[in-house]
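*Asks:* CSV, C-alpha atoms, file upload.csv:
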chain,number,residue,atom,x,y,z
G,180,VAL,CA,14.2,-5.4,-17.2
G,181,ILE,CA,15.4,-3.5,-14.2
G,182,HIS,CA,19.1,-3.6,-13.2
G,183,PHE,CA,20.4,-2.2,-10.0
G,184,ASP,CA,23.5,-2.7,-7.8
G,185,SER,CA,21.7,-2.7,-4.4
G,186,LEU,CA,18.6,-1.6,-2.7
G,187,THR,CA,18.1,-1.9,1.0
G,188,ILE,CA,14.8,-0.9,2.6
G,189,GLN,CA,14.8,-0.4,6.3
G,190,GLN,CA,11.8,-1.7,8.2
G,191,GLY,CA,9.7,1.1,9.7
G,192,THR,CA,9.9,3.4,6.7
G,193,LEU,CA,7.6,4.8,4.0
G,194,ILE,CA,9.1,4.5,0.6
G,195,SER,CA,7.9,6.2,-2.6
G,196,LEU,CA,8.8,4.8,-6.0
G,197,ILE,CA,8.6,7.2,-9.0
G,198,GLY,CA,9.5,6.9,-12.7
G,199,LYS,CA,8.0,7.1,-16.1
G,200,SER,CA,5.3,4.7,-17.2
G,201,GLY,CA,6.6,1.4,-18.4
G,202,HIS,CA,10.0,1.7,-16.7
G,203,GLY,CA,9.4,-1.0,-14.1
G,204,LYS,CA,7.9,0.6,-11.0
G,205,SER,CA,5.0,-1.8,-10.9
G,206,SER,CA,7.3,-4.8,-11.6
G,207,LEU,CA,9.6,-3.8,-8.8
G,208,LEU,CA,6.7,-3.4,-6.4
G,209,ARG,CA,5.3,-6.8,-7.4
G,210,VAL,CA,8.7,-8.4,-6.7
G,211,LEU,CA,8.9,-6.7,-3.3
G,212,GLY,CA,5.3,-7.8,-2.6
G,213,GLY,CA,5.9,-11.4,-3.5
G,214,ALA,CA,3.6,-11.3,-6.5
G,215,LEU,CA,6.4,-11.7,-9.0
G,216,LEU,CA,9.5,-13.8,-8.7
G,217,PRO,CA,12.8,-12.2,-9.7
G,218,ALA,CA,14.7,-14.1,-12.3
G,219,THR,CA,18.3,-14.5,-13.5
G,220,ILE,CA,18.7,-12.7,-16.8
G,221,ASN,CA,20.7,-14.1,-19.7
G,222,ALA,CA,21.4,-11.3,-22.1
G,223,PRO,CA,22.5,-12.4,-25.6
G,224,GLY,CA,26.3,-12.9,-25.7
G,225,GLN,CA,26.7,-12.1,-22.0
G,226,ALA,CA,27.1,-14.2,-18.9
G,227,ALA,CA,24.1,-14.7,-16.6
G,228,MET,CA,23.4,-11.7,-14.4
G,229,GLU,CA,23.2,-13.0,-10.8
G,230,GLY,CA,21.7,-11.3,-7.9
G,231,THR,CA,20.1,-11.8,-4.5
G,232,PHE,CA,16.7,-10.8,-3.3
G,233,PHE,CA,16.0,-11.2,0.4
G,234,MET,CA,12.8,-10.5,2.4
G,235,PRO,CA,12.8,-11.8,6.0
G,236,CYS,CA,10.4,-14.8,6.0
G,237,HIS,CA,8.8,-13.8,9.4
G,238,LEU,CA,7.3,-10.7,7.9
G,239,ARG,CA,3.7,-10.6,6.8
G,240,ILE,CA,3.8,-9.0,3.3
G,241,LEU,CA,0.7,-7.7,1.5
G,242,HIS,CA,0.7,-6.8,-2.2
G,243,VAL,CA,-2.1,-4.4,-3.2
G,244,PRO,CA,-2.6,-4.1,-6.9
G,245,ALA,CA,-4.0,-0.9,-8.5
G,246,ASP,CA,-7.2,-2.6,-9.6
G,247,PRO,CA,-9.7,-3.3,-6.7
G,248,GLN,CA,-10.7,-6.9,-6.4
G,249,PHE,CA,-13.6,-8.3,-4.4
G,250,ILE,CA,-14.9,-11.7,-3.5
G,251,ARG,CA,-18.6,-12.6,-3.6
G,252,GLY,CA,-19.6,-12.0,0.0
G,253,SER,CA,-20.6,-9.2,2.4
G,254,LEU,CA,-18.6,-6.0,2.7
G,255,TYR,CA,-17.4,-7.1,6.1
G,256,GLU,CA,-16.2,-10.4,4.6
G,257,ASN,CA,-14.3,-8.5,1.9
G,258,LEU,CA,-12.8,-6.0,4.3
G,259,THR,CA,-11.6,-8.7,6.7
G,260,LEU,CA,-10.4,-11.1,4.1
G,261,GLY,CA,-7.3,-12.8,5.5
G,262,CYS,CA,-7.9,-11.8,9.1
G,263,THR,CA,-8.3,-14.5,11.7
G,264,PRO,CA,-11.9,-14.7,12.9
G,265,GLY,CA,-12.2,-13.0,16.3
G,266,HIS,CA,-8.9,-11.3,16.0
G,267,PRO,CA,-8.8,-7.6,17.2
G,268,ASP,CA,-7.7,-6.6,13.7
G,269,ALA,CA,-11.1,-7.7,12.4
G,270,HIS,CA,-13.2,-6.0,15.1
G,271,ILE,CA,-16.2,-4.2,13.5
G,272,ASP,CA,-15.5,-0.9,15.2
G,273,ARG,CA,-11.9,-0.8,13.9
G,274,VAL,CA,-13.1,-1.8,10.4
G,275,ARG,CA,-15.7,1.0,10.3
G,276,GLN,CA,-13.3,3.6,11.8
G,277,ILE,CA,-10.7,2.9,9.1
G,278,CYS,CA,-13.4,3.3,6.4
G,279,SER,CA,-14.7,6.5,8.0
G,280,ARG,CA,-11.2,8.0,8.2
G,281,LEU,CA,-10.7,7.3,4.5
G,282,GLY,CA,-13.8,9.3,3.7
G,283,LEU,CA,-16.3,6.6,2.8
G,284,ALA,CA,-19.9,7.6,2.9
G,285,GLU,CA,-21.9,6.7,6.0
G,286,GLU,CA,-24.4,4.8,3.9
G,287,ILE,CA,-21.6,2.5,2.8
G,288,ILE,CA,-20.2,2.1,6.4
G,289,GLU,CA,-23.6,1.2,7.6
G,290,LYS,CA,-23.6,-1.8,5.3
G,291,ILE,CA,-20.4,-3.2,7.0
G,292,SER,CA,-21.6,-5.7,9.5
G,293,PRO,CA,-20.5,-9.3,10.6
G,294,GLU,CA,-24.2,-10.3,10.6
G,295,ASP,CA,-24.8,-9.1,7.1
G,296,ARG,CA,-25.2,-12.1,4.7
G,297,VAL,CA,-25.9,-10.1,1.6
G,298,GLN,CA,-23.7,-11.4,-1.2
G,299,LEU,CA,-23.4,-9.0,-4.1
G,300,ASN,CA,-21.1,-8.4,-7.0
G,301,TRP,CA,-19.5,-5.4,-5.4
G,302,SER,CA,-17.5,-4.5,-8.4
G,303,ASN,CA,-20.8,-3.6,-10.2
G,304,SER,CA,-22.6,-2.3,-7.1
G,305,LEU,CA,-20.1,0.4,-6.0
G,306,SER,CA,-18.6,3.5,-7.7
G,307,CYS,CA,-15.0,3.6,-8.9
G,308,SER,CA,-14.0,5.8,-5.9
G,309,GLU,CA,-15.9,3.6,-3.4
G,310,ARG,CA,-14.2,0.5,-4.7
G,311,HIS,CA,-10.8,2.1,-4.5
G,312,LEU,CA,-11.3,3.3,-0.9
G,313,LEU,CA,-12.6,-0.1,0.2
G,314,HIS,CA,-9.6,-1.7,-1.5
G,315,ILE,CA,-7.2,0.5,0.6
G,316,ALA,CA,-9.3,0.0,3.7
G,317,ARG,CA,-9.0,-3.8,3.4
G,318,ALA,CA,-5.2,-3.4,3.2
G,319,LEU,CA,-5.1,-1.3,6.4
G,320,VAL,CA,-7.4,-3.7,8.2
G,321,ALA,CA,-5.2,-6.6,7.3
G,322,ASN,CA,-2.4,-4.9,9.2
G,323,PRO,CA,0.6,-6.4,7.4
G,324,ASP,CA,4.3,-5.9,8.4
G,325,VAL,CA,5.1,-4.7,4.9
G,326,LEU,CA,2.5,-3.0,2.7
G,327,CYS,CA,3.3,-2.8,-1.0
G,328,ILE,CA,0.6,-0.7,-2.7
G,329,HIS,CA,0.2,0.5,-6.3
G,330,LYS,CA,-0.8,4.2,-6.8
G,331,PRO,CA,-3.1,4.6,-3.7
G,332,THR,CA,-4.2,8.1,-4.7
G,333,LEU,CA,-4.8,7.6,-8.4
G,334,HIS,CA,-8.6,7.8,-8.4
G,335,ALA,CA,-8.9,10.2,-5.4
G,336,THR,CA,-9.7,13.8,-5.0
G,337,THR,CA,-7.1,16.0,-3.5
G,338,LYS,CA,-8.9,15.9,-0.1
G,339,THR,CA,-9.2,12.1,-0.2
G,340,ALA,CA,-5.7,11.7,-1.5
G,341,LYS,CA,-4.4,13.6,1.6
G,342,ALA,CA,-6.4,11.4,3.9
G,343,ILE,CA,-5.0,8.3,2.2
G,344,ILE,CA,-1.4,9.5,2.4
G,345,ASP,CA,-1.8,10.6,6.0
G,346,LEU,CA,-3.1,7.1,7.0
G,347,LEU,CA,-0.2,5.4,5.2
G,348,ARG,CA,2.2,7.6,7.1
G,349,GLU,CA,0.4,6.8,10.4
G,350,PHE,CA,0.4,3.1,9.5
G,351,VAL,CA,4.2,3.3,9.5
G,352,ASP,CA,4.6,5.7,12.5
G,353,ARG,CA,2.2,4.0,14.8
G,354,ARG,CA,2.8,0.5,13.6
G,355,GLY,CA,-0.7,0.0,12.4
G,356,ILE,CA,-4.0,1.9,12.2
G,357,ASN,CA,-6.6,2.2,15.0
G,358,LEU,CA,-4.8,-0.3,17.3
G,359,ASP,CA,-4.2,-0.2,21.0
G,360,GLU,CA,-1.6,2.6,21.5
G,361,ARG,CA,-0.4,1.0,24.7
G,362,GLN,CA,0.9,-2.0,22.7
G,363,ALA,CA,2.5,0.0,19.9
G,364,ARG,CA,6.1,-0.6,21.1
G,365,MET,CA,5.3,-4.4,21.3
G,366,ARG,CA,4.3,-4.5,17.6
G,367,ARG,CA,6.7,-5.1,14.8
G,368,ALA,CA,7.7,-2.0,12.8
G,369,ARG,CA,5.5,-1.4,9.8
G,370,THR,CA,6.8,-0.5,6.3
G,371,CYS,CA,4.9,0.9,3.4
G,372,ILE,CA,6.2,0.9,-0.2
G,373,LEU,CA,4.1,2.7,-2.8
G,374,THR,CA,4.2,3.9,-6.4
G,375,SER,CA,3.5,7.6,-6.5
G,376,SER,CA,1.2,9.5,-8.7
G,377,ARG,CA,1.1,12.8,-6.6
G,378,VAL,CA,3.7,15.0,-5.1
G,379,MET,CA,2.2,14.8,-1.7
G,380,SER,CA,3.2,11.2,-1.4
G,381,LEU,CA,6.8,12.3,-1.9
G,382,GLU,CA,6.6,14.9,0.8
G,383,VAL,CA,5.8,12.5,3.6
G,384,ALA,CA,8.2,9.7,2.4
G,385,ASP,CA,11.3,8.7,4.3
G,386,GLN,CA,13.0,7.7,1.0
G,387,VAL,CA,12.2,8.2,-2.7
G,388,TYR,CA,13.6,6.1,-5.5
G,389,ARG,CA,13.4,6.7,-9.2
G,390,VAL,CA,13.0,3.6,-11.3
G,391,ASP,CA,14.4,3.7,-14.8
G,392,SER,CA,14.7,0.7,-17.2
G,393,ALA,CA,18.0,2.0,-18.5
G,394,LEU,CA,19.6,3.6,-15.5
G,395,GLY,CA,18.2,1.3,-12.8
G,396,ILE,CA,17.0,2.4,-9.4
G,397,ARG,CA,18.4,5.6,-8.1
G,398,HIS,CA,17.9,7.3,-4.7
G,399,VAL,CA,16.3,10.8,-5.0
G,400,PRO,CA,17.8,13.2,-2.4
G,401,MET,CA,15.3,14.6,0.0
G,402,GLU,CA,16.2,18.2,-1.0
G,403,CYS,CA,15.0,17.4,-4.5
G,404,THR,CA,11.6,16.0,-3.3
G,405,ALA,CA,11.2,19.1,-1.0
G,406,MET,CA,11.6,21.4,-4.0
G,407,ASN,CA,9.8,19.1,-6.5
G,408,VAL,CA,12.9,19.3,-8.7
G,409,ASP,CA,12.4,17.5,-12.0
G,410,LEU,CA,9.9,15.1,-10.5
G,411,GLU,CA,6.6,15.9,-12.1
G,412,ASN,CA,7.3,13.8,-15.2
G,413,ASP,CA,8.0,10.8,-13.0
G,414,LEU,CA,4.6,10.8,-11.4
G,415,GLU,CA,2.9,8.5,-13.9
Could I get this file's structure written as structure tokens?

*Replies:*
Amino acid sequence: VIHFDSLTIQQGTLISLIGKSGHGKSSLLRVLGGALLPATINAPGQAAMEGTFFMPCHLRILHVPADPQFIRGSLYENLTLGCTPGHPDAHIDRVRQICSRLGLAEEIIEKISPEDRVQLNWSNSLSCSERHLLHIARALVANPDVLCIHKPTLHATTKTAKAIIDLLREFVDRRGINLDERQARMRRARTCILTSSRVMSLEVADQVYRVDSALGIRHVPMECTAMNVDLENDLE
């Protein structure tokens, strides 16, 4: 159970959550992503602990779990899942460009086509790293207002991890990936909240919070993240 007095996340920021394994990072991210409902807690012999959780209802929120999931369909259908048919977000050039920037092999990118009708069990047809990158690509293609993503660099090499973090930073800064720059100011601000497994995700974050089941959620000063002070054990 995580207890905290208050946590306010500004739209248009990149937030990194750190903390030891089992202390509630993933649970908090699931709450923020709408995959887990917060509950009033009744501790034995104590009054109910009341709180308020508010996420503006007009925001499109996407929760991205750590384990890649695929539907039975083509790669293009998987990558544009949730996109409106014909919408610019789902344009084939944009989809392929995002995959290329994440470092996916050309032979994989060539299989991404709206005309492709091949339906495979992609979980068995792709390597672990390929599944992971396609999982992240789908989230960026979906272009949500708030992206809640679990350990995006967990299965990546250092080079690929940097590409992932750079794209998540760009997603926030440019209000989406590979979109018309002329319309950037007309788009809603983008927010990315992630659980961190590498120091590099802390270095580009606007805010870092340590999640502890006993102490709650605590803001980590930026000078600590810059110097990696006492943070290595929290990247689990």

*Asks:* Nearest to His311 (chain G): which of G:Val325, G:Cys371, G:Asp246, G:Val297 is it, counting all atoms listed in the file?

*Replies:* G:Asp246

*Asks:* Calculate how many Å separate CA of Ser200 (chain G) from CA of Cys327 (chain G), rounding to one decimal.

*Replies:*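 Straight-line distance from CA of Ser200 (chain G) to CA of Cys327 (chain G) works out to 18.0 Å.
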
*Asks:* Suppose you want the space between CA of Ile287 (chain G) and CA of Leu312 (chain G); what is it in Å?

*Replies:* 11.0 Å

*Asks:* Ranking G:Ser279, G:Gln248, G:Thr259, G:Asn322 by minimum distance to Leu305 (chain G) and counting only C-alpha atoms, which one comes first?

*Replies:* G:Gln248

*Asks:* In Å, rounded to a single decimal, give me how far CA of Tyr388 (chain G) is from CA of Lys341 (chain G).

*Replies:* 20.8 Å

*Asks:* Compare G:Phe232, G:Pro400, G:Pro247, G:Leu215 by their minimum atom-to-atom distance to Ile188 (chain G), counting all atoms listed in the file, and give me the closest one.

*Replies:*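 The closest residue to Ile188 (chain G) is G:Phe232.
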
*Asks:* If you count all atoms listed in the file, which residues fall within 9 Å of Met379 (chain G), apart from same-chain ones fewer than 5 positions away, as a list of chain:residue names?

*Replies:*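 Here the qualifying residues turn out to be G:Ala340, G:Lys341, G:Ile344, G:Ala384.
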
*Asks:* Find the residue from G:Ile291, G:Ala393, G:Ile277, G:Val351 that sits nearest to Leu254 (chain G); use all atoms listed in the file when measuring.

*Replies:* G:Ile291

*Asks:* Set the distance at 12 Å and use all atoms listed in the file: which residues neighbour Asn257 (chain G) once local chain neighbours fewer than 6 positions away are removed? I'd like the list as a PyMOL selection string.

*Replies:* chain G and resi 247-251+269+274+290-293+295-302+310+313-318+320-321

*Asks:* Env of Val387 (chain G): 8 Å cut, atoms = all atoms listed in the file, seq-sep filter 5 positions within chain, self excluded. Answer as an mmCIF file with C-alpha atoms, in the frame of the given file.

*Replies:*
data_model
loop_
_atom_site.group_PDB
_atom_site.id
_atom_site.type_symbol
_atom_site.label_atom_id
_atom_site.label_comp_id
_atom_site.auth_asym_id
_atom_site.auth_seq_id
_atom_site.Cartn_x
_atom_site.Cartn_y
_atom_site.Cartn_z
ATOM 1 C CA ILE G 194 9.100 4.500 0.600
ATOM 2 C CA SER G 195 7.900 6.200 -2.600
ATOM 3 C CA LEU G 196 8.800 4.800 -6.000
ATOM 4 C CA ILE G 197 8.600 7.200 -9.000
ATOM 5 C CA LEU G 381 6.800 12.300 -1.900
ATOM 6 C CA HIS G 398 17.900 7.300 -4.700
ATOM 7 C CA VAL G 399 16.300 10.800 -5.000
ATOM 8 C CA PRO G 400 17.800 13.200 -2.400
ATOM 9 C CA MET G 401 15.300 14.600 0.000
ATOM 10 C CA THR G 404 11.600 16.000 -3.300
#

*Asks:* Compare G:Pro267, G:Val243, G:Pro235, G:Lys204 by their minimum atom-to-atom distance to Asp359 (chain G), counting all atoms listed in the file, and give me the closest one.

*Replies:*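 Residue with the minimum atom-to-atom distance to Asp359 (chain G): G:Pro267.
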
*Asks:* Using only C-alpha atoms, pick whichever of G:Ile343, G:Cys236, G:Ala363, G:Leu207 has the shortest atom-to-atom distance to Ser380 (chain G).

*Replies:* G:Ile343

*Asks:* If you count only C-alpha atoms, which residues fall within 7 Å of Thr339 (chain G), apart from same-chain ones fewer than 4 positions away, as a PyMOL selection string?

*Replies:* chain G and resi 281-282+335+343

*Asks:* Residues near Leu326 (chain G), anyone? I mean within 9 Å using only C-alpha atoms, not counting same-chain ones fewer than 3 positions away, as a VMD selection string.

*Replies:* chain G and resid 212 239 to 243 318 to 319 322 to 323 369 to 373

*Asks:* How would the residues just picked look written out with C-alpha atoms as a CSV table (one decimal), in the coordinates of the input?

*Replies:*
chain,number,residue,atom,x,y,z
G,212,GLY,CA,5.3,-7.8,-2.6
G,239,ARG,CA,3.7,-10.6,6.8
G,240,ILE,CA,3.8,-9.0,3.3
G,241,LEU,CA,0.7,-7.7,1.5
G,242,HIS,CA,0.7,-6.8,-2.2
G,243,VAL,CA,-2.1,-4.4,-3.2
G,318,ALA,CA,-5.2,-3.4,3.2
G,319,LEU,CA,-5.1,-1.3,6.4
G,322,ASN,CA,-2.4,-4.9,9.2
G,323,PRO,CA,0.6,-6.4,7.4
G,369,ARG,CA,5.5,-1.4,9.8
G,370,THR,CA,6.8,-0.5,6.3
G,371,CYS,CA,4.9,0.9,3.4
G,372,ILE,CA,6.2,0.9,-0.2
G,373,LEU,CA,4.1,2.7,-2.8
